[in-house]
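Structure record follows, encoded as structure tokens.
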Amino acid sequence: MSAPAWLPLRPELREEEPYGAPQIDVPVRLNTNENPYGPSEAVAADVAESVRAAALGLNRYPDREATTLREALAGYLSREVPGLDASRVWAANGSNEVMQQILQAFGGPGRTALSFAPTYSMYPEYARNTHTRWVTGRRRDDFGIDVDTALELIAAEQPDVVFLTSPNNPTGTALDPEHTRAVLDAAPGMVVVDEAYAEFRRAGTPTALELLDGHPRLVVTRTMSKAFALAGGRLGYLAAHPDVVDALRIVRLPYHLSAVTQATAVAALRHTDELLAQVDALRAERDRTAERLRGAGFTVADSDANFVLFGMFDDRHATWQALVDRGVLVRETGPLGWLRVSIGTPEEMDAFHTALTEVTDV
Ligand code: PMP
């Protein structure tokens with residue numbers, strides 16, 4: 001797609017495609033790392049009641065500071081890092097918006113952001129949108145980060161923002177906290193650890209939240225889209241030093257989180273235990289999926305997330321299409337030769353394995 005010639009669009013956007021996985025209506029959708037278990041009727045009823053109450057005040061702008069919501073998010077994070085309060089938590093419409101705000105505040109013209117590929121493909125788009133120079137380092141063949149190479153690149157590029165992703169998308173790789181610490185010590189600017197999939201990590205895999213004390217330039221981003229089964233609610237958040245939160249309050253649009261969004265997320269957080277109840281089942285299903293794929297002869301990346309990267313395919317697009325033709329949608333992403341499957345219900349995973357056997361046996 002190329003923009004029409006009459007449109008006075010920024011030149012670097014002319015040939016760009018809007019980001020997004022294909023939204024194809026097939027029976028088994030395993031392509032955007034959603035939680036396959038939707039909220040229960042009881043949770044939906046509480047959300048509906050909270051939204052109804054909020055609706056009575058929709059003539060007024062919402063709480064600009066989202067105080068109640070940030071307190072609830074701080075309460076949730078305090079399960080992992082006791083003592084975190086609302087002054088250290090910020091929220092926006094998905095962690096996508098949180099990260100774009102980070103680049104609005106800490107990136108920008110003349111500034112550099114850096115990440116290590118293969119990784120989440122939205123990062124370069126936030127950089128483009130904020131006129132931030134973008135630099136990509138490489139991960140090792142096992143998708144871990146080689147700390148010496150990373151430190152060399154950081155020394156050479158002096159990035160204002162480094163994005164680390166743990167567990168990484170699309171590979172599922174968790175980051176060794178010693179590596180995060182080394183990057184924090186070497187990087188001159190902000191270090192963002194994107195923990196969108198943190199709740200799915202395997203036992204013993206630490207979170208960067210533990211590094212917040214003593215590292216004021218560390219930002220840990222999270223989302224309610226995955227483990228909380230709230231992708232449709234659009235609520236992402238971060239934990240950081242209060243001064244970082246104050247900096248983001250400068251660039252955020254006024255009233256960026258609608259009263260409806262805030263009411264929805266606060267209601268969902270009241271049901272944290274129930275919404276997270278399927279996380280253990282999804283982790284077990286992920287491990288089963290990896291084993292089954294390995295058993296069938298595929299190469300599988302170790303995953304701490306709710307998806308698995310597997311390969312290798314000479315023509316991955318042909319395999320992707322053949323799966324779609326059988327009603328199973330996975331994601332054509334990551335390095336060439338690999339496909340990514342999000343973890344669904346056991347029935348969905350059975351359908352995936354059956355279809356994959358059919359399409360790779362021919
Ligand atoms: N970070 C990573 C690594 C992701 O995979 C995603 C979603 N695919 C996001 C951030 C953004 O999620 P959301 O905006 O729904 O919070």
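Labeling convention for the structure tokens: chains A, B, ... as they appear, residues from 1 per chain, ligands from 1 in order of appearance.
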Subject >> Expected selection as number ranges by chain for ligand 1 within 7 Å, only C-alpha atoms and all ligand atoms >> reply: A: 32-33, 93-97, 120, 165, 168-169, 194-196, 222-225, 231, 234-236
Writer output for current selection, C-alpha atoms, as a PDB file, in the first residue's frame:
ATOM      1  CA  THR A  32      -2.135 -12.873  19.037  1.00  0.00           C
ATOM      2  CA  ASN A  33      -1.178 -14.416  22.387  1.00  0.00           C
ATOM      3  CA  ASN A  93      -4.388   2.160  26.893  1.00  0.00           C
ATOM      4  CA  GLY A  94      -2.349  -1.016  26.569  1.00  0.00           C
ATOM      5  CA  SER A  95       1.357  -1.331  27.191  1.00  0.00           C
ATOM      6  CA  ASN A  96       1.741  -0.216  23.576  1.00  0.00           C
ATOM      7  CA  GLU A  97       0.661   3.254  24.643  1.00  0.00           C
ATOM      8  CA  TYR A 120       8.503  -7.408  19.512  1.00  0.00           C
ATOM      9  CA  THR A 165      11.793  -8.022  26.606  1.00  0.00           C
ATOM     10  CA  ASN A 168      10.617 -12.104  24.772  1.00  0.00           C
ATOM     11  CA  ASN A 169       8.053 -12.056  21.977  1.00  0.00           C
ATOM     12  CA  ASP A 194       8.797  -5.320  28.788  1.00  0.00           C
ATOM     13  CA  GLU A 195       7.195  -8.016  30.933  1.00  0.00           C
ATOM     14  CA  ALA A 196       3.917  -8.363  29.028  1.00  0.00           C
ATOM     15  CA  ARG A 222       3.155  -5.048  32.174  1.00  0.00           C
ATOM     16  CA  THR A 223      -0.267  -5.520  30.650  1.00  0.00           C
ATOM     17  CA  MET A 224      -3.714  -6.843  31.549  1.00  0.00           C
ATOM     18  CA  SER A 225      -4.056  -8.134  27.965  1.00  0.00           C
ATOM     19  CA  ALA A 231      -6.952  -7.697  25.804  1.00  0.00           C
ATOM     20  CA  ARG A 234      -6.828  -2.083  26.666  1.00  0.00           C
ATOM     21  CA  LEU A 235      -4.958  -1.598  29.884  1.00  0.00           C
ATOM     22  CA  GLY A 236      -1.188  -1.578  30.156  1.00  0.00           C
TER      23      GLY A 236
END
**OP:** Could you give me, as a ChimeraX atom specification, the residues within 12 Å of Ala301 in chain A, counting only C-alpha atoms and dropping anything in the same chain fewer than 3 positions from it?
**Re:** /A:141-144,167-174,286-287,289-291,293-294,298,304-305,307-312,334-335,338-341
**OP:** Would you return as a PyMOL selection string the members of range 127-341 of chain A that DSSP assigns to strand (DSSP E or B) on this structure's backbone?
**Re:** chain A and resi 133-138+161-165+190-194+218-223+236-239+299-300+307-311+328-329+331+338-341
Selection export as a CSV table (one decimal), in the first residue's frame, atoms kept: C-alpha atoms:
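Heads up, here's the output in result.csv:
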chain,number,residue,atom,x,y,z
A,133,ARG,CA,16.6,6.9,16.0
A,134,TRP,CA,16.3,3.1,16.1
A,135,VAL,CA,19.2,0.6,16.5
A,136,THR,CA,18.8,-3.1,16.5
A,137,GLY,CA,21.3,-5.5,18.2
A,138,ARG,CA,21.0,-9.2,17.6
A,161,VAL,CA,16.3,4.1,25.8
A,162,VAL,CA,17.0,0.3,25.8
A,163,PHE,CA,14.1,-2.1,25.4
A,164,LEU,CA,14.6,-5.6,26.8
A,165,THR,CA,11.8,-8.0,26.6
A,190,MET,CA,16.3,4.5,30.5
A,191,VAL,CA,16.1,0.7,30.5
A,192,VAL,CA,12.6,-0.7,29.8
A,193,VAL,CA,12.0,-4.3,30.6
A,194,ASP,CA,8.8,-5.3,28.8
A,218,LEU,CA,14.6,1.0,35.2
A,219,VAL,CA,11.0,0.8,33.9
A,220,VAL,CA,9.1,-2.5,34.0
A,221,THR,CA,6.0,-2.6,31.8
A,222,ARG,CA,3.2,-5.0,32.2
A,223,THR,CA,-0.3,-5.5,30.6
A,236,GLY,CA,-1.2,-1.6,30.2
A,237,TYR,CA,0.9,-0.3,33.0
A,238,LEU,CA,4.4,0.2,34.4
A,239,ALA,CA,6.3,0.3,37.6
A,299,THR,CA,12.7,-27.4,16.7
A,300,VAL,CA,11.1,-25.5,19.6
A,307,PHE,CA,3.1,-19.1,23.1
A,308,VAL,CA,5.7,-21.2,21.5
A,309,LEU,CA,8.0,-20.5,18.5
A,310,PHE,CA,8.6,-23.6,16.4
A,311,GLY,CA,10.1,-24.6,13.1
A,328,VAL,CA,-6.2,-22.8,12.5
A,329,LEU,CA,-4.6,-19.4,12.7
A,331,ARG,CA,1.4,-16.2,13.5
A,338,TRP,CA,9.7,-20.2,12.3
A,339,LEU,CA,6.0,-19.9,13.2
A,340,ARG,CA,4.5,-18.9,16.5
A,341,VAL,CA,1.5,-20.6,18.1
Original post:
Residues at most 12 Å from Asp273 in chain A, counting only C-alpha atoms, excluding those fewer than 6 positions away in the same chain, as a PyMOL selection string?
Top reply: chain A and resi 39+43+76+79+227-229+279-280
Subject >> Among listed residues A:Thr180, A:Ser78, A:Gln158, A:Ser258, nearest Arg64 in chain A (using only C-alpha atoms) >> reply: A:Ser258
Original post:
Taking the backbone alone, and naming residues the way the document does, which bits of range 68-174 of chain A are alpha helix (DSSP H) by DSSP, as an MDAnalysis selection string?
Top reply: chainID A and resid 68:77 94:106 123:129 147:157
Could the residues in this selection be saved with C-alpha atoms as a compact mmCIF listing (two decimals), in the first residue's frame?
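What landed in result05.txt:
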# COMPACT_ATOMS: atom_id res chain seq x y z
CA THR A 68 -7.96 4.31 42.09
CA LEU A 69 -6.75 2.21 39.21
CA ARG A 70 -3.08 2.91 39.89
CA GLU A 71 -3.61 2.03 43.55
CA ALA A 72 -5.21 -1.27 42.54
CA LEU A 73 -2.36 -2.04 40.11
CA ALA A 74 0.20 -1.19 42.80
CA GLY A 75 -1.64 -3.57 45.12
CA TYR A 76 -1.39 -6.31 42.52
CA LEU A 77 2.33 -5.75 41.89
CA GLY A 94 -2.35 -1.02 26.57
CA SER A 95 1.36 -1.33 27.19
CA ASN A 96 1.74 -0.22 23.58
CA GLU A 97 0.66 3.25 24.64
CA VAL A 98 2.80 3.10 27.78
CA MET A 99 5.89 2.40 25.66
CA GLN A 100 5.09 5.05 23.11
CA GLN A 101 4.76 7.55 25.98
CA ILE A 102 8.18 6.43 27.24
CA LEU A 103 9.70 7.32 23.86
CA GLN A 104 7.75 10.60 23.76
CA ALA A 105 9.36 11.51 27.06
CA PHE A 106 12.81 9.94 26.79
CA TYR A 123 9.27 -1.13 19.08
CA PRO A 124 10.60 0.31 15.80
CA GLU A 125 7.13 1.72 15.15
CA TYR A 126 7.07 3.63 18.45
CA ALA A 127 10.51 4.95 17.48
CA ARG A 128 9.32 6.01 14.04
CA ASN A 129 6.24 7.70 15.50
CA VAL A 147 25.83 -9.67 27.37
CA ASP A 148 29.29 -8.76 26.01
CA THR A 149 27.91 -7.93 22.57
CA ALA A 150 25.06 -6.00 24.19
CA LEU A 151 27.42 -3.93 26.33
CA GLU A 152 29.64 -3.17 23.33
CA LEU A 153 26.63 -1.94 21.37
CA ILE A 154 25.45 0.16 24.29
CA ALA A 155 28.91 1.68 24.67
CA ALA A 156 29.02 2.49 20.94
CA GLU A 157 25.46 3.83 20.55
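Of the listed residues A:Ala44, A:Ala187, A:Ile250, A:Val324, the one whose atoms come nearest to Ile24 in chain A is A:Val324, with distances taken using only C-alpha atoms.
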**OP:** Find the residues around Ala48 in chain A up to 12 Å (only C-alpha atoms counted), leave out those fewer than 2 positions away in its own chain, and share them as a PyMOL selection string.
**Re:** chain A and resi 39+41-46+50-55+260-261+263-268
Now that the selection is made, can you save its residues with N, CA and C atoms as an mmCIF file, in the first residue's frame?
data_model
loop_
_atom_site.group_PDB
_atom_site.id
_atom_site.type_symbol
_atom_site.label_atom_id
_atom_site.label_comp_id
_atom_site.auth_asym_id
_atom_site.auth_seq_id
_atom_site.Cartn_x
_atom_site.Cartn_y
_atom_site.Cartn_z
ATOM 1 N N PRO A 39 -13.404 -13.795 30.640
ATOM 2 C CA PRO A 39 -13.913 -13.590 31.996
ATOM 3 C C PRO A 39 -15.230 -14.351 32.203
ATOM 4 N N GLU A 41 -19.108 -15.127 33.818
ATOM 5 C CA GLU A 41 -20.336 -14.320 33.909
ATOM 6 C C GLU A 41 -20.283 -13.404 35.135
ATOM 7 N N ALA A 42 -19.750 -13.936 36.244
ATOM 8 C CA ALA A 42 -19.713 -13.135 37.487
ATOM 9 C C ALA A 42 -18.787 -11.928 37.306
ATOM 10 N N VAL A 43 -17.630 -12.138 36.677
ATOM 11 C CA VAL A 43 -16.710 -11.023 36.458
ATOM 12 C C VAL A 43 -17.347 -10.037 35.477
ATOM 13 N N ALA A 44 -17.943 -10.581 34.408
ATOM 14 C CA ALA A 44 -18.581 -9.708 33.410
ATOM 15 C C ALA A 44 -19.675 -8.867 34.074
ATOM 16 N N ALA A 45 -20.413 -9.471 35.019
ATOM 17 C CA ALA A 45 -21.499 -8.734 35.690
ATOM 18 C C ALA A 45 -20.917 -7.600 36.543
ATOM 19 N N ASP A 46 -19.809 -7.872 37.222
ATOM 20 C CA ASP A 46 -19.201 -6.823 38.051
ATOM 21 C C ASP A 46 -18.648 -5.696 37.171
ATOM 22 N N SER A 50 -19.912 -1.846 37.215
ATOM 23 C CA SER A 50 -18.956 -0.744 37.417
ATOM 24 C C SER A 50 -19.034 0.255 36.270
ATOM 25 N N VAL A 51 -19.181 -0.258 35.068
ATOM 26 C CA VAL A 51 -19.291 0.628 33.909
ATOM 27 C C VAL A 51 -20.613 1.398 33.963
ATOM 28 N N ARG A 52 -21.684 0.723 34.443
ATOM 29 C CA ARG A 52 -22.973 1.411 34.567
ATOM 30 C C ARG A 52 -22.848 2.593 35.532
ATOM 31 N N ALA A 53 -22.187 2.322 36.666
ATOM 32 C CA ALA A 53 -22.006 3.399 37.655
ATOM 33 C C ALA A 53 -21.170 4.530 37.056
ATOM 34 N N ALA A 54 -20.119 4.161 36.323
ATOM 35 C CA ALA A 54 -19.267 5.192 35.702
ATOM 36 C C ALA A 54 -20.052 5.973 34.658
ATOM 37 N N ALA A 55 -20.973 5.284 33.979
ATOM 38 C CA ALA A 55 -21.732 5.929 32.894
ATOM 39 C C ALA A 55 -22.556 7.100 33.414
ATOM 40 N N VAL A 260 -14.614 4.650 31.356
ATOM 41 C CA VAL A 260 -15.070 3.283 31.093
ATOM 42 C C VAL A 260 -13.895 2.312 31.236
ATOM 43 N N THR A 261 -12.755 2.685 30.673
ATOM 44 C CA THR A 261 -11.566 1.835 30.792
ATOM 45 C C THR A 261 -11.146 1.691 32.253
ATOM 46 N N ALA A 263 -12.951 2.054 34.955
ATOM 47 C CA ALA A 263 -13.929 1.262 35.720
ATOM 48 C C ALA A 263 -13.770 -0.223 35.392
ATOM 49 N N THR A 264 -13.559 -0.524 34.122
ATOM 50 C CA THR A 264 -13.410 -1.917 33.705
ATOM 51 C C THR A 264 -12.196 -2.550 34.373
ATOM 52 N N ALA A 265 -11.075 -1.840 34.317
ATOM 53 C CA ALA A 265 -9.836 -2.413 34.843
ATOM 54 C C ALA A 265 -9.895 -2.555 36.363
ATOM 55 N N VAL A 266 -10.468 -1.551 37.042
ATOM 56 C CA VAL A 266 -10.571 -1.646 38.507
ATOM 57 C C VAL A 266 -11.458 -2.831 38.882
ATOM 58 N N ALA A 267 -12.556 -3.002 38.153
ATOM 59 C CA ALA A 267 -13.448 -4.145 38.444
ATOM 60 C C ALA A 267 -12.700 -5.454 38.184
ATOM 61 N N ALA A 268 -11.974 -5.525 37.079
ATOM 62 C CA ALA A 268 -11.242 -6.760 36.765
ATOM 63 C C ALA A 268 -10.219 -7.064 37.862
#
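A straight line drawn from CA of Arg202 in chain A to CA of Glu34 in chain A is 18.2 Å long.
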**OP:** For CA of Ala86 in chain A and CA of Lys226 in chain A, determine how far apart the two atoms are, in Å to one decimal place.
**Re:** 21.8 Å
Subject >> Separation of CA of Gly110 in chain A from CA of Pro216 in chain A, in Å and rounded to one decimal >> reply: 22.9 Å
